[in-house]
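Engineer: The structure file upload_20.tsv (TSV, C-alpha atoms) is provided below.
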```
chain	number	residue	atom	x	y	z
A	229	MET	CA	-77.13	-6.52	-11.07
A	230	MET	CA	-74.42	-5.02	-13.16
A	231	LYS	CA	-72.70	-2.23	-11.35
A	232	ARG	CA	-71.12	0.30	-13.55
A	233	GLN	CA	-67.50	0.71	-12.49
A	234	GLN	CA	-66.83	4.38	-12.13
A	235	GLY	CA	-63.37	5.66	-13.24
A	236	PHE	CA	-61.66	8.93	-12.30
A	237	SER	CA	-63.37	11.98	-13.61
A	238	LEU	CA	-61.46	14.19	-16.02
A	239	VAL	CA	-61.35	16.95	-13.44
A	240	GLU	CA	-59.87	14.56	-10.90
A	241	VAL	CA	-57.19	13.43	-13.28
A	242	LEU	CA	-56.37	16.99	-14.33
A	243	VAL	CA	-56.08	18.16	-10.74
A	244	ALA	CA	-53.91	15.16	-9.88
A	245	VAL	CA	-51.64	15.73	-12.87
A	246	VAL	CA	-51.25	19.39	-12.01
A	247	VAL	CA	-50.47	18.62	-8.35
A	248	LEU	CA	-48.00	15.92	-9.34
A	249	GLY	CA	-46.44	18.22	-11.92
A	250	VAL	CA	-45.96	21.04	-9.45
A	251	ILE	CA	-44.39	18.74	-6.87
A	252	VAL	CA	-42.15	16.96	-9.37
A	253	ALA	CA	-41.04	20.32	-10.75
A	254	ALA	CA	-40.30	21.54	-7.25
A	255	PHE	CA	-38.21	18.48	-6.42
A	256	SER	CA	-36.51	17.94	-9.74
A	257	GLY	CA	-33.83	20.44	-8.79
A	258	VAL	CA	-33.15	18.61	-5.54
A	259	PHE	CA	-32.97	15.23	-7.28
A	260	SER	CA	-30.65	16.37	-10.01
A	261	SER	CA	-28.33	18.18	-7.62
A	262	SER	CA	-28.31	15.11	-5.37
A	263	ILE	CA	-27.29	12.92	-8.25
A	264	ASP	CA	-24.64	15.42	-9.30
A	265	SER	CA	-23.35	15.50	-5.78
A	266	ILE	CA	-23.20	11.70	-5.48
A	267	LEU	CA	-21.32	11.46	-8.76
A	268	SER	CA	-18.91	14.18	-7.73
A	269	ALA	CA	-18.30	12.51	-4.34
A	270	GLY	CA	-17.48	9.34	-6.25
A	271	ASP	CA	-15.08	11.24	-8.52
A	272	ARG	CA	-13.45	12.88	-5.53
A	273	TYR	CA	-13.03	9.58	-3.76
A	274	ARG	CA	-11.43	8.00	-6.80
A	275	ALA	CA	-9.15	11.01	-7.20
A	276	LEU	CA	-8.22	10.84	-3.52
A	277	MET	CA	-7.20	7.20	-3.81
A	278	GLU	CA	-5.19	8.00	-6.92
A	279	ALA	CA	-3.47	10.95	-5.23
A	280	GLN	CA	-2.62	8.81	-2.22
A	281	GLY	CA	-1.15	6.10	-4.41
A	282	LEU	CA	0.90	8.62	-6.34
A	283	LEU	CA	2.20	10.38	-3.23
A	284	GLU	CA	3.13	7.07	-1.56
A	285	ARG	CA	5.00	6.07	-4.68
A	286	VAL	CA	6.92	9.34	-4.75
A	287	LEU	CA	7.72	9.14	-1.02
A	288	ALA	CA	8.90	5.55	-1.32
A	289	THR	CA	11.06	5.95	-4.41
A	290	GLY	CA	12.02	9.62	-4.16
A	291	ASP	CA	11.52	9.66	-7.90
A	292	LEU	CA	9.31	12.51	-9.05
A	293	GLU	CA	10.56	13.48	-12.46
A	294	GLY	CA	8.10	13.13	-15.31
A	295	LEU	CA	5.15	12.16	-13.15
A	296	GLU	CA	1.94	13.88	-14.15
A	297	GLY	CA	0.35	15.90	-11.37
A	298	VAL	CA	3.45	15.87	-9.17
A	299	GLU	CA	5.06	19.18	-8.29
A	300	TRP	CA	7.70	19.99	-5.74
A	301	GLU	CA	9.63	22.90	-4.36
A	302	GLN	CA	12.72	23.13	-2.19
A	303	SER	CA	11.79	23.67	1.41
A	304	ASN	CA	13.57	23.70	4.76
A	305	GLN	CA	12.37	22.59	8.15
A	306	PRO	CA	14.07	23.39	11.46
A	307	GLY	CA	16.23	20.44	12.50
A	308	TYR	CA	18.56	19.56	15.33
A	309	GLU	CA	21.49	21.94	14.87
A	310	SER	CA	20.46	23.67	11.68
A	311	THR	CA	17.61	23.51	9.24
A	312	VAL	CA	17.21	20.33	7.26
A	313	GLY	CA	16.79	20.58	3.53
A	314	GLY	CA	13.99	18.82	1.79
A	315	ARG	CA	11.18	19.27	-0.61
A	316	LEU	CA	7.51	19.93	-0.35
A	317	ILE	CA	5.85	17.50	-2.72
A	318	THR	CA	2.34	18.28	-3.95
A	319	VAL	CA	0.23	15.79	-5.85
A	320	THR	CA	-2.77	17.12	-7.76
A	321	VAL	CA	-5.33	14.81	-9.32
A	322	PRO	CA	-8.41	16.05	-11.22
A	323	ALA	CA	-11.66	14.97	-9.56
A	324	GLY	CA	-14.21	14.93	-12.38
A	325	PRO	CA	-15.50	18.28	-13.63
A	326	HIS	CA	-15.80	19.56	-10.08
A	327	GLY	CA	-12.26	20.40	-9.14
A	328	VAL	CA	-9.13	18.67	-7.94
A	329	VAL	CA	-7.79	16.69	-5.00
A	330	ARG	CA	-4.47	17.93	-3.64
A	331	LEU	CA	-2.16	16.26	-1.12
A	332	SER	CA	1.18	17.59	0.12
A	333	ALA	CA	4.02	16.13	2.12
A	334	PHE	CA	7.48	17.30	3.13
A	335	GLN	CA	10.31	14.87	2.63
A	336	LEU	CA	13.96	15.24	3.56
A	337	ASN	CA	16.36	15.16	0.67
A	338	SER	CA	17.78	11.73	0.19
A	339	SER	CA	21.04	13.21	-1.04
A	340	GLY	CA	22.71	16.57	-1.20
A	341	GLU	CA	21.88	19.44	1.07
B	60	MET	CA	-70.62	6.46	-5.65
B	61	HIS	CA	-70.02	9.72	-4.10
B	62	HIS	CA	-67.42	8.66	-1.54
B	63	GLU	CA	-64.93	7.55	-4.26
B	64	LYS	CA	-64.58	11.05	-5.59
B	65	GLY	CA	-61.08	12.52	-5.18
B	66	ALA	CA	-59.44	9.06	-5.06
B	67	ALA	CA	-57.00	10.01	-7.82
B	68	LEU	CA	-55.74	12.93	-5.78
B	69	ILE	CA	-55.25	10.69	-2.79
B	70	SER	CA	-53.33	8.18	-4.92
B	71	VAL	CA	-51.20	10.99	-6.28
B	72	LEU	CA	-50.55	12.32	-2.80
B	73	MET	CA	-49.50	8.85	-1.65
B	74	VAL	CA	-47.11	8.58	-4.56
B	75	VAL	CA	-45.83	12.04	-3.70
B	76	VAL	CA	-45.27	11.02	-0.08
B	77	VAL	CA	-43.29	7.96	-1.21
B	78	PHE	CA	-41.18	10.15	-3.50
B	79	LEU	CA	-40.66	12.66	-0.76
B	80	LEU	CA	-39.36	9.91	1.53
B	81	LEU	CA	-37.06	8.63	-1.17
B	82	GLY	CA	-35.92	12.16	-1.92
B	83	THR	CA	-35.14	12.89	1.70
B	84	ALA	CA	-33.15	9.65	1.99
B	85	LEU	CA	-31.24	10.50	-1.17
B	86	LEU	CA	-30.52	13.99	0.08
B	87	GLN	CA	-29.30	12.64	3.40
B	88	TRP	CA	-27.11	10.09	1.69
B	89	THR	CA	-25.66	12.73	-0.60
B	90	ALA	CA	-24.85	15.03	2.28
B	91	VAL	CA	-23.20	12.26	4.30
B	92	GLU	CA	-21.21	11.07	1.31
B	93	ALA	CA	-19.94	14.55	0.47
B	94	ILE	CA	-18.94	15.27	4.08
B	95	GLN	CA	-17.30	11.85	4.37
B	96	VAL	CA	-15.14	12.30	1.29
B	97	GLN	CA	-14.16	15.80	2.33
B	98	ARG	CA	-13.26	14.60	5.80
B	99	GLN	CA	-11.29	11.69	4.45
B	100	GLU	CA	-9.38	14.06	2.21
B	101	ARG	CA	-8.48	16.31	5.12
B	102	GLN	CA	-7.58	13.39	7.33
B	103	LEU	CA	-5.28	12.01	4.69
B	104	GLN	CA	-3.61	15.41	4.37
B	105	ALA	CA	-3.22	15.56	8.15
B	106	HIS	CA	-1.65	12.08	8.03
B	107	TYR	CA	0.91	13.26	5.50
B	108	LEU	CA	1.69	16.28	7.67
B	109	ALA	CA	2.38	13.87	10.52
B	110	ARG	CA	4.59	11.81	8.21
B	111	SER	CA	6.46	14.98	7.26
B	112	GLY	CA	7.06	15.70	10.94
B	113	LEU	CA	8.24	12.13	11.54
B	114	ASP	CA	10.80	12.48	8.77
B	115	VAL	CA	12.22	15.54	10.48
B	116	ALA	CA	12.00	13.95	13.95
B	117	LEU	CA	13.89	10.80	12.92
B	118	ASN	CA	16.62	12.93	11.45
B	119	TYR	CA	16.66	14.99	14.65
B	120	VAL	CA	17.33	11.88	16.71
B	121	PHE	CA	19.75	10.17	14.35
B	122	GLU	CA	21.91	13.23	13.97
B	123	GLN	CA	22.45	13.09	17.71
B	124	VAL	CA	23.09	9.35	17.58
B	125	ALA	CA	25.68	10.12	14.91
B	126	GLN	CA	27.33	12.51	17.30
B	127	GLY	CA	27.61	9.85	19.94
B	128	ILE	CA	25.01	11.39	22.22
B	129	SER	CA	23.23	8.78	24.29
B	130	VAL	CA	19.48	8.96	24.85
B	131	LYS	CA	20.02	10.23	28.38
B	132	ASP	CA	21.82	13.33	27.12
B	133	MET	CA	19.84	13.86	23.96
B	134	LYS	CA	18.22	17.20	23.37
B	135	LEU	CA	14.67	16.20	22.55
B	136	SER	CA	12.61	19.34	22.78
B	137	ASP	CA	9.25	19.26	21.09
B	138	LEU	CA	9.03	20.45	17.51
B	139	LYS	CA	6.05	22.36	16.24
B	140	TYR	CA	6.31	23.81	12.78
B	141	PRO	CA	4.14	24.70	9.82
B	142	VAL	CA	4.59	22.95	6.49
B	143	GLY	CA	4.42	25.20	3.44
B	144	GLY	CA	1.02	26.76	4.11
B	145	VAL	CA	-0.68	23.36	4.15
B	146	GLY	CA	-0.89	22.79	7.90
B	147	SER	CA	1.53	21.94	10.68
B	148	TYR	CA	3.01	19.10	12.69
B	149	GLU	CA	3.82	18.72	16.33
B	150	VAL	CA	6.41	16.23	17.53
B	151	THR	CA	6.74	15.02	21.10
B	152	PHE	CA	9.57	12.76	22.22
B	153	THR	CA	9.50	10.40	25.18
B	154	LYS	CA	12.76	8.89	26.34
B	155	GLY	CA	12.79	5.26	27.39
B	156	SER	CA	14.62	4.03	30.43
B	157	GLU	CA	18.41	4.33	30.44
B	158	GLU	CA	19.02	0.64	29.88
B	159	GLN	CA	16.68	0.58	26.93
B	160	GLU	CA	18.25	3.39	24.87
B	161	SER	CA	14.89	3.96	23.25
B	162	VAL	CA	12.84	6.95	22.19
B	163	GLU	CA	9.17	7.13	21.40
B	164	ILE	CA	8.22	9.71	18.82
B	165	ARG	CA	4.65	10.88	18.56
B	166	VAL	CA	3.70	13.18	15.72
B	167	ARG	CA	0.42	14.96	15.22
B	168	GLY	CA	-0.48	16.45	11.86
B	169	TYR	CA	-2.85	19.42	12.06
B	170	LEU	CA	-5.08	20.97	9.49
B	171	THR	CA	-6.81	24.16	10.48
B	172	GLY	CA	-10.07	25.41	8.98
B	173	PRO	CA	-13.72	25.49	9.93
B	174	VAL	CA	-13.44	21.87	11.01
B	175	PRO	CA	-9.90	21.27	12.31
B	176	VAL	CA	-8.53	17.79	11.66
B	177	GLU	CA	-5.63	15.98	13.30
B	178	GLU	CA	-3.97	12.63	12.77
B	179	THR	CA	-1.40	11.01	15.02
B	180	ILE	CA	1.32	8.53	14.19
B	181	LYS	CA	3.87	6.99	16.49
B	182	ALA	CA	7.31	5.53	16.00
B	183	TYR	CA	9.31	3.63	18.55
B	184	LEU	CA	13.08	3.72	18.17
B	185	GLU	CA	15.34	1.07	19.59
B	186	LEU	CA	18.70	2.76	19.35
B	187	PRO	CA	21.94	0.83	18.97
B	188	LYS	CA	23.62	0.17	22.27
B	189	THR	CA	26.80	2.14	22.60
B	190	ALA	CA	30.04	0.76	23.94
B	191	ARG	CA	33.48	2.23	24.28
B	192	ALA	CA	36.02	0.35	22.22
B	193	GLU	CA	38.23	-0.47	25.17
B	194	ASP	CA	35.31	-1.83	27.16
B	195	ILE	CA	34.63	-4.53	24.60
B	196	GLY	CA	38.27	-5.47	24.20
B	197	TRP	CA	38.81	-3.59	21.00
B	198	GLY	CA	41.40	-1.26	22.29
B	199	ILE	CA	43.84	-1.21	25.10
B	200	LYS	CA	43.79	1.92	27.05
B	201	ARG	CA	47.30	3.11	27.64
B	202	ALA	CA	48.42	6.49	28.67
B	203	PRO	CA	48.93	8.72	26.84
B	204	HIS	CA	47.14	7.09	23.90
B	205	LEU	CA	44.31	4.74	23.19
B	206	ASP	CA	46.30	2.19	21.23
B	207	LEU	CA	44.13	-0.15	19.25
B	208	ARG	CA	44.73	-3.75	18.47
B	209	PHE	CA	42.81	-5.80	15.96
B	210	ALA	CA	39.51	-7.21	17.03
B	211	ASP	CA	38.38	-10.67	16.09
B	212	GLU	CA	34.91	-10.22	17.39
B	213	GLU	CA	32.11	-8.19	16.01
B	214	TYR	CA	29.95	-5.88	17.99
B	215	ASP	CA	26.28	-5.40	17.18
B	216	GLY	CA	25.86	-1.85	18.35
B	217	LEU	CA	27.57	1.49	18.05
B	218	VAL	CA	31.23	1.52	19.05
B	219	SER	CA	32.77	4.70	20.31
B	220	PHE	CA	36.52	5.15	20.05
B	221	VAL	CA	37.47	7.73	22.58
B	222	ALA	CA	40.59	8.32	24.61
B	223	ASP	CA	40.86	10.33	27.78
B	224	ASN	CA	43.71	12.40	26.42
B	225	GLN	CA	41.78	12.92	23.17
B	226	VAL	CA	44.19	11.05	20.93
B	227	VAL	CA	43.40	7.71	19.31
B	228	THR	CA	46.48	6.23	17.69
B	229	ILE	CA	46.63	3.35	15.31
B	230	ASN	CA	50.25	2.36	15.33
B	231	ASN	CA	52.40	-0.61	14.57
B	232	ASN	CA	52.57	-0.99	18.29
B	233	ARG	CA	53.49	-3.99	20.31
B	234	TYR	CA	49.98	-5.36	20.15
B	235	GLY	CA	50.27	-6.01	16.46
B	236	ASP	CA	50.16	-9.60	15.40
B	237	LYS	CA	53.11	-10.66	13.24
B	238	ASP	CA	50.98	-13.14	11.25
B	239	ARG	CA	48.50	-10.47	10.37
B	240	GLY	CA	51.02	-7.72	10.04
B	241	TYR	CA	49.86	-4.58	11.68
B	242	ASN	CA	46.41	-4.78	10.32
B	243	HIS	CA	43.55	-3.75	12.52
B	244	TYR	CA	40.06	-4.91	11.67
B	245	PHE	CA	36.95	-3.62	13.34
B	246	LYS	CA	33.40	-4.61	12.58
B	247	ALA	CA	30.19	-3.04	13.89
B	248	PRO	CA	27.07	-1.50	12.33
B	249	ALA	CA	28.03	1.98	13.52
B	250	MET	CA	31.24	3.55	14.82
B	251	MET	CA	32.50	6.90	15.86
B	252	PHE	CA	35.83	8.39	16.66
B	253	SER	CA	35.14	11.10	19.14
B	254	SER	CA	38.49	12.18	20.48
B	255	ASP	CA	40.33	15.16	19.15
B	256	THR	CA	42.67	13.25	16.91
B	257	LEU	CA	42.78	9.92	15.16
B	258	SER	CA	46.26	9.10	13.92
B	259	ILE	CA	47.12	6.19	11.70
B	260	GLU	CA	50.87	5.97	11.76
B	261	ASN	CA	53.96	4.08	10.71
B	262	GLY	CA	52.75	1.40	8.39
B	263	SER	CA	49.55	0.65	10.29
B	264	THR	CA	46.39	-0.31	8.52
B	265	LEU	CA	42.90	0.31	9.79
B	266	HIS	CA	40.03	-1.58	8.18
B	267	LEU	CA	36.58	-0.55	9.27
B	268	TYR	CA	33.59	-2.73	8.40
B	269	THR	CA	30.61	-0.58	9.17
B	270	ASP	CA	27.57	1.03	7.58
B	271	PHE	CA	27.94	4.28	9.43
B	272	VAL	CA	31.09	5.85	10.78
B	273	ALA	CA	31.64	9.33	12.16
B	274	PHE	CA	35.07	10.87	12.43
B	275	ARG	CA	34.24	13.61	14.83
B	276	THR	CA	37.91	14.25	15.14
B	277	LYS	CA	40.84	15.66	13.33
B	278	THR	CA	41.80	12.65	11.26
B	279	LYS	CA	45.51	12.44	10.50
B	280	LEU	CA	47.09	9.87	8.31
B	281	LEU	CA	50.66	10.21	9.50
B	282	GLY	CA	53.88	8.57	8.44
B	283	SER	CA	54.34	6.33	5.45
B	284	ASP	CA	52.57	3.12	4.49
B	285	ASN	CA	49.46	3.92	6.40
B	286	LEU	CA	46.19	2.61	5.09
B	287	LEU	CA	42.56	3.29	5.96
B	288	THR	CA	39.72	1.39	4.36
B	289	LEU	CA	35.99	1.81	4.74
B	290	ASN	CA	33.92	-1.26	4.00
B	291	VAL	CA	30.20	-1.75	4.38
B	292	ASN	CA	28.75	-4.04	7.01
B	293	THR	CA	25.36	-5.75	7.06
B	294	ASN	CA	22.89	-3.00	6.21
B	295	PRO	CA	24.31	-0.94	3.33
B	296	ILE	CA	22.48	1.38	0.97
B	297	ILE	CA	22.34	-0.35	-2.40
B	298	GLU	CA	22.06	1.87	-5.48
B	299	ASP	CA	22.34	0.32	-8.93
B	300	GLY	CA	23.92	-2.74	-7.37
B	301	VAL	CA	26.64	-0.72	-5.62
B	302	LYS	CA	26.91	-0.85	-1.84
B	303	TYR	CA	27.35	2.34	0.12
B	304	GLY	CA	27.70	3.33	3.73
B	305	VAL	CA	27.69	6.80	5.24
B	306	VAL	CA	30.69	8.54	6.75
B	307	TYR	CA	30.81	11.83	8.62
B	308	PHE	CA	33.98	13.89	8.65
B	309	ALA	CA	34.31	16.81	11.03
B	310	THR	CA	37.43	17.86	9.21
B	311	THR	CA	38.90	17.86	5.74
B	312	LEU	CA	41.09	15.06	4.47
B	313	SER	CA	42.36	13.89	1.13
B	314	GLY	CA	39.20	13.47	-0.97
B	315	VAL	CA	37.14	15.30	1.65
B	316	ASP	CA	36.97	18.94	0.61
B	317	ARG	CA	34.46	20.05	3.14
B	318	PRO	CA	33.37	18.62	6.49
B	319	GLY	CA	30.04	16.83	6.42
B	320	TYR	CA	28.36	13.62	5.43
B	321	TYR	CA	29.50	11.47	2.52
B	322	LYS	CA	28.34	8.21	1.05
B	323	PHE	CA	31.29	5.85	0.82
B	324	ARG	CA	31.46	3.04	-1.63
B	325	ASP	CA	32.46	-0.37	-0.31
B	326	GLY	CA	36.25	-0.47	-0.35
B	327	THR	CA	37.04	3.23	-0.09
B	328	THR	CA	40.79	3.42	0.58
B	329	TRP	CA	43.30	6.01	1.70
B	330	GLU	CA	46.91	5.03	1.24
B	331	ASN	CA	49.81	7.10	2.47
B	332	GLY	CA	47.41	9.85	3.32
B	333	THR	CA	45.83	10.05	-0.14
B	334	LEU	CA	42.44	8.86	-1.29
B	335	ARG	CA	43.25	6.01	-3.68
B	336	THR	CA	39.69	5.46	-4.83
B	337	PRO	CA	38.51	8.73	-6.35
B	338	GLY	CA	34.79	8.86	-6.97
B	339	TYR	CA	34.11	6.54	-4.05
B	340	LEU	CA	33.13	9.41	-1.77
B	341	ILE	CA	29.90	11.20	-2.65
B	342	PRO	CA	28.69	14.21	-0.66
B	343	THR	CA	25.34	13.50	0.97
B	344	SER	CA	23.41	14.65	4.02
B	345	SER	CA	22.45	13.34	7.40
B	346	THR	CA	19.14	12.37	5.89
B	347	GLU	CA	20.64	9.05	4.83
B	348	LEU	CA	20.98	8.12	8.49
B	349	PRO	CA	17.47	6.73	8.98
B	350	THR	CA	18.24	4.13	6.31
B	351	PHE	CA	20.79	2.51	8.60
B	352	PHE	CA	18.63	2.54	11.62
B	353	SER	CA	15.37	1.75	9.82
B	354	SER	CA	15.35	-1.81	11.11
B	355	ARG	CA	15.13	-0.37	14.60
B	356	ILE	CA	12.04	1.73	13.99
B	357	VAL	CA	8.61	0.39	14.85
B	358	TYR	CA	5.72	2.40	13.47
B	359	SER	CA	2.18	2.50	14.71
B	360	SER	CA	-0.74	4.77	14.02
B	361	GLY	CA	-3.34	6.35	16.26
B	362	ASN	CA	-2.92	7.73	19.76
```
Please rewrite the model in this file as structure tokens.

Structural biologist:
Amino acid sequence: MMKRQQGFSLVEVLVAVVVLGVIVAAFSGVFSSSIDSILSAGDRYRALMEAQGLLERVLATGDLEGLEGVEWEQSNQPGYESTVGGRLITVTVPAGPHGVVRLSAFQLNSSGE
Amino acid sequence: MHHEKGAALISVLMVVVVFLLLGTALLQWTAVEAIQVQRQERQLQAHYLARSGLDVALNYVFEQVAQGISVKDMKLSDLKYPVGGVGSYEVTFTKGSEEQESVEIRVRGYLTGPVPVEETIKAYLELPKTARAEDIGWGIKRAPHLDLRFADEEYDGLVSFVADNQVVTINNNRYGDKDRGYNHYFKAPAMMFSSDTLSIENGSTLHLYTDFVAFRTKTKLLGSDNLLTLNVNTNPIIEDGVKYGVVYFATTLSGVDRPGYYKFRDGTTWENGTLRTPGYLIPTSSTELPTFFSSRIVYSSGN
């Protein structure tokens, strides 16, 4: 009457563990780099939003002294009768450990030439 | 039971298949996310290149407005220039019909690279309608001068003071009103004197209420008791609570050491040919012009 329930044999379990181990080992690199990549995309996105906010603020107020990550250099663009003076504003925001996000815009000088 | 042998391996393989599917999905998601962020970054940069171009394009148009050039005669050739090694912009202008005095500006920001990106923004400019002073009853055209009388009415566009013989004279002429002395008041958002000479003579006073005025002329303050005042109109620049307009001088004058654009403080006054309000004129550039016309710019994005 009583049927003896048979479990997995030791050999079966060993083979399974080895197979699983090999496959997990093979994919662990992929998984960890995927997770790294997702995190870094998130960092980059956050940095991008921050850079955009900063650049908009600088463009709207023309005020760029003492702002971290904001650099500018005098620059000229060809205008109607002569070149128009302005500045090339570059905003740099660190994006996690994987680099920086950089946005640039040219703006005419609001005073002086 | 012989047929149950190897079941563990099958279970493991099933688990592996599930993980593989999850892994593939994760990989796909990662790739899409990374590309998306990178693309967004480049698109945003292209947008700012377009904005840079628009800044230059607006100035390009307004400098011509400030010279009294109507849309019909405006030089609106396309602009295509690089911006500091970042990328480039390309501006195309489309003139509206003659009655409309409007210009459509379309700017594309370009980013080169393995995957080129471009963003387009558009601005529509409704330029101030231009009228000659004598046509709106502000001056009486008399040979050999354009003699001005005071104006009680305002004009809501750009008023051009121009005389056929190239001399605009503000004089205590017969059109002066005894009750108001020989004071001449003119009020409009923008004005320009585009004859060869503007003379304010013999005890005349000229009071301009305007946010932008261009003296594209030799400006003479002749005789004694002459007075010229510049006062802001409805759309001044306000800095630290002080109201400013912009004035362009094509020539030097007391207080104006070099021709060009100046910010004038409300109430800037020349009396007997001398600037009586030192410090009220501040050298600036044509780049202040868009401020005055900003209410006439309609922005839109896309194609």

Engineer: So the first atom is atom CA of A:Gly324 and the second is atom CA of A:Ser265; what is the distance between them in Å, to one decimal place?

Structural biologist: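 Result for atom CA of A:Gly324 versus atom CA of A:Ser265: 11.3 Å, one decimal.
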
Engineer: Tell me which protein, DNA and RNA residues are within 6 Å of stretch 258-274 of chain B, counting all atoms listed in the file, leaving out same-chain ones fewer than 6 positions away, and put them as a PyMOL selection string.

Structural biologist: chain B and resi 228-231+241-252+280-292+295+304-308

Engineer: Using all atoms listed in the file, find the one residue out of A:Val298, A:Leu267, A:Ile251, A:Val241 that sits nearest to A:Gly281.

Structural biologist: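 Among A:Val298, A:Leu267, A:Ile251, A:Val241, it is A:Val298 that comes nearest to A:Gly281.
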
Engineer: Find the residues in chain B near chain A: any atom within 7 Å counts, using all atoms listed in the file. Write them as a PyMOL selection string.

Structural biologist: chain B and resi 65+67-68+71+82+85-86+89+92-93+96+100+104+107-108+111+114-115+119+342-344+346-347

Engineer: Dump C-alpha atoms for the selected residues as a PDB file, in the frame of the given file?

Structural biologist:
```
ATOM      1  CA  GLY B  65     -61.080  12.520  -5.180  1.00  0.00           C
ATOM      2  CA  ALA B  67     -57.000  10.010  -7.820  1.00  0.00           C
ATOM      3  CA  LEU B  68     -55.740  12.930  -5.780  1.00  0.00           C
ATOM      4  CA  VAL B  71     -51.200  10.990  -6.280  1.00  0.00           C
ATOM      5  CA  GLY B  82     -35.920  12.160  -1.920  1.00  0.00           C
ATOM      6  CA  LEU B  85     -31.240  10.500  -1.170  1.00  0.00           C
ATOM      7  CA  LEU B  86     -30.520  13.990   0.080  1.00  0.00           C
ATOM      8  CA  THR B  89     -25.660  12.730  -0.600  1.00  0.00           C
ATOM      9  CA  GLU B  92     -21.210  11.070   1.310  1.00  0.00           C
ATOM     10  CA  ALA B  93     -19.940  14.550   0.470  1.00  0.00           C
ATOM     11  CA  VAL B  96     -15.140  12.300   1.290  1.00  0.00           C
ATOM     12  CA  GLU B 100      -9.380  14.060   2.210  1.00  0.00           C
ATOM     13  CA  GLN B 104      -3.610  15.410   4.370  1.00  0.00           C
ATOM     14  CA  TYR B 107       0.910  13.260   5.500  1.00  0.00           C
ATOM     15  CA  LEU B 108       1.690  16.280   7.670  1.00  0.00           C
ATOM     16  CA  SER B 111       6.460  14.980   7.260  1.00  0.00           C
ATOM     17  CA  ASP B 114      10.800  12.480   8.770  1.00  0.00           C
ATOM     18  CA  VAL B 115      12.220  15.540  10.480  1.00  0.00           C
ATOM     19  CA  TYR B 119      16.660  14.990  14.650  1.00  0.00           C
ATOM     20  CA  PRO B 342      28.690  14.210  -0.660  1.00  0.00           C
ATOM     21  CA  THR B 343      25.340  13.500   0.970  1.00  0.00           C
ATOM     22  CA  SER B 344      23.410  14.650   4.020  1.00  0.00           C
ATOM     23  CA  THR B 346      19.140  12.370   5.890  1.00  0.00           C
ATOM     24  CA  GLU B 347      20.640   9.050   4.830  1.00  0.00           C
TER      25      GLU B 347
END
```

Engineer: Build an axis-aligned box that encloses every atom of stretch 164-168 of chain B listed in the file, pad it by 8 Å on each side, and report its centre and edge lengths in Å to one decimal, as JSON.

Structural biologist:
```
{"center_x": 3.9, "center_y": 13.1, "center_z": 15.3, "size_x": 24.7, "size_y": 22.7, "size_z": 23.0}
```

Engineer: Counting all atoms listed in the file, which residues have an atom no more than 12 Å from (8.0, 10.5, -12.6) in the file's coordinates? Please list them as a CSV table (one decimal) with C-alpha atoms, in the frame of the given file.

Structural biologist:
```csv
chain,number,residue,atom,x,y,z
A,282,LEU,CA,0.9,8.6,-6.3
A,283,LEU,CA,2.2,10.4,-3.2
A,285,ARG,CA,5.0,6.1,-4.7
A,286,VAL,CA,6.9,9.3,-4.8
A,287,LEU,CA,7.7,9.1,-1.0
A,289,THR,CA,11.1,6.0,-4.4
A,290,GLY,CA,12.0,9.6,-4.2
A,291,ASP,CA,11.5,9.7,-7.9
A,292,LEU,CA,9.3,12.5,-9.0
A,293,GLU,CA,10.6,13.5,-12.5
A,294,GLY,CA,8.1,13.1,-15.3
A,295,LEU,CA,5.2,12.2,-13.2
A,296,GLU,CA,1.9,13.9,-14.2
A,297,GLY,CA,0.4,15.9,-11.4
A,298,VAL,CA,3.4,15.9,-9.2
A,299,GLU,CA,5.1,19.2,-8.3
A,300,TRP,CA,7.7,20.0,-5.7
A,319,VAL,CA,0.2,15.8,-5.8
```

Engineer: Report, in Å with one decimal, the straight-line distance from atom CA of B:Leu217 to atom CA of B:Leu348.

Structural biologist: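 Value for the atom CA of B:Leu217-atom CA of B:Leu348 distance: 13.4 Å.
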
Engineer: Could you tell me how far atom CA of B:Tyr303 lies from atom CA of B:Gly319, in Å and to one decimal?

Structural biologist: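 So the answer is 16.0 Å.
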
Engineer: Out of B:Ile128, B:Ala105, B:Ala182, B:Val174, which residue has the shortest atom-to-atom distance to B:Tyr148 when counting all atoms listed in the file?

Structural biologist: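 Among the listed residues, B:Ala105 lies closest to B:Tyr148.
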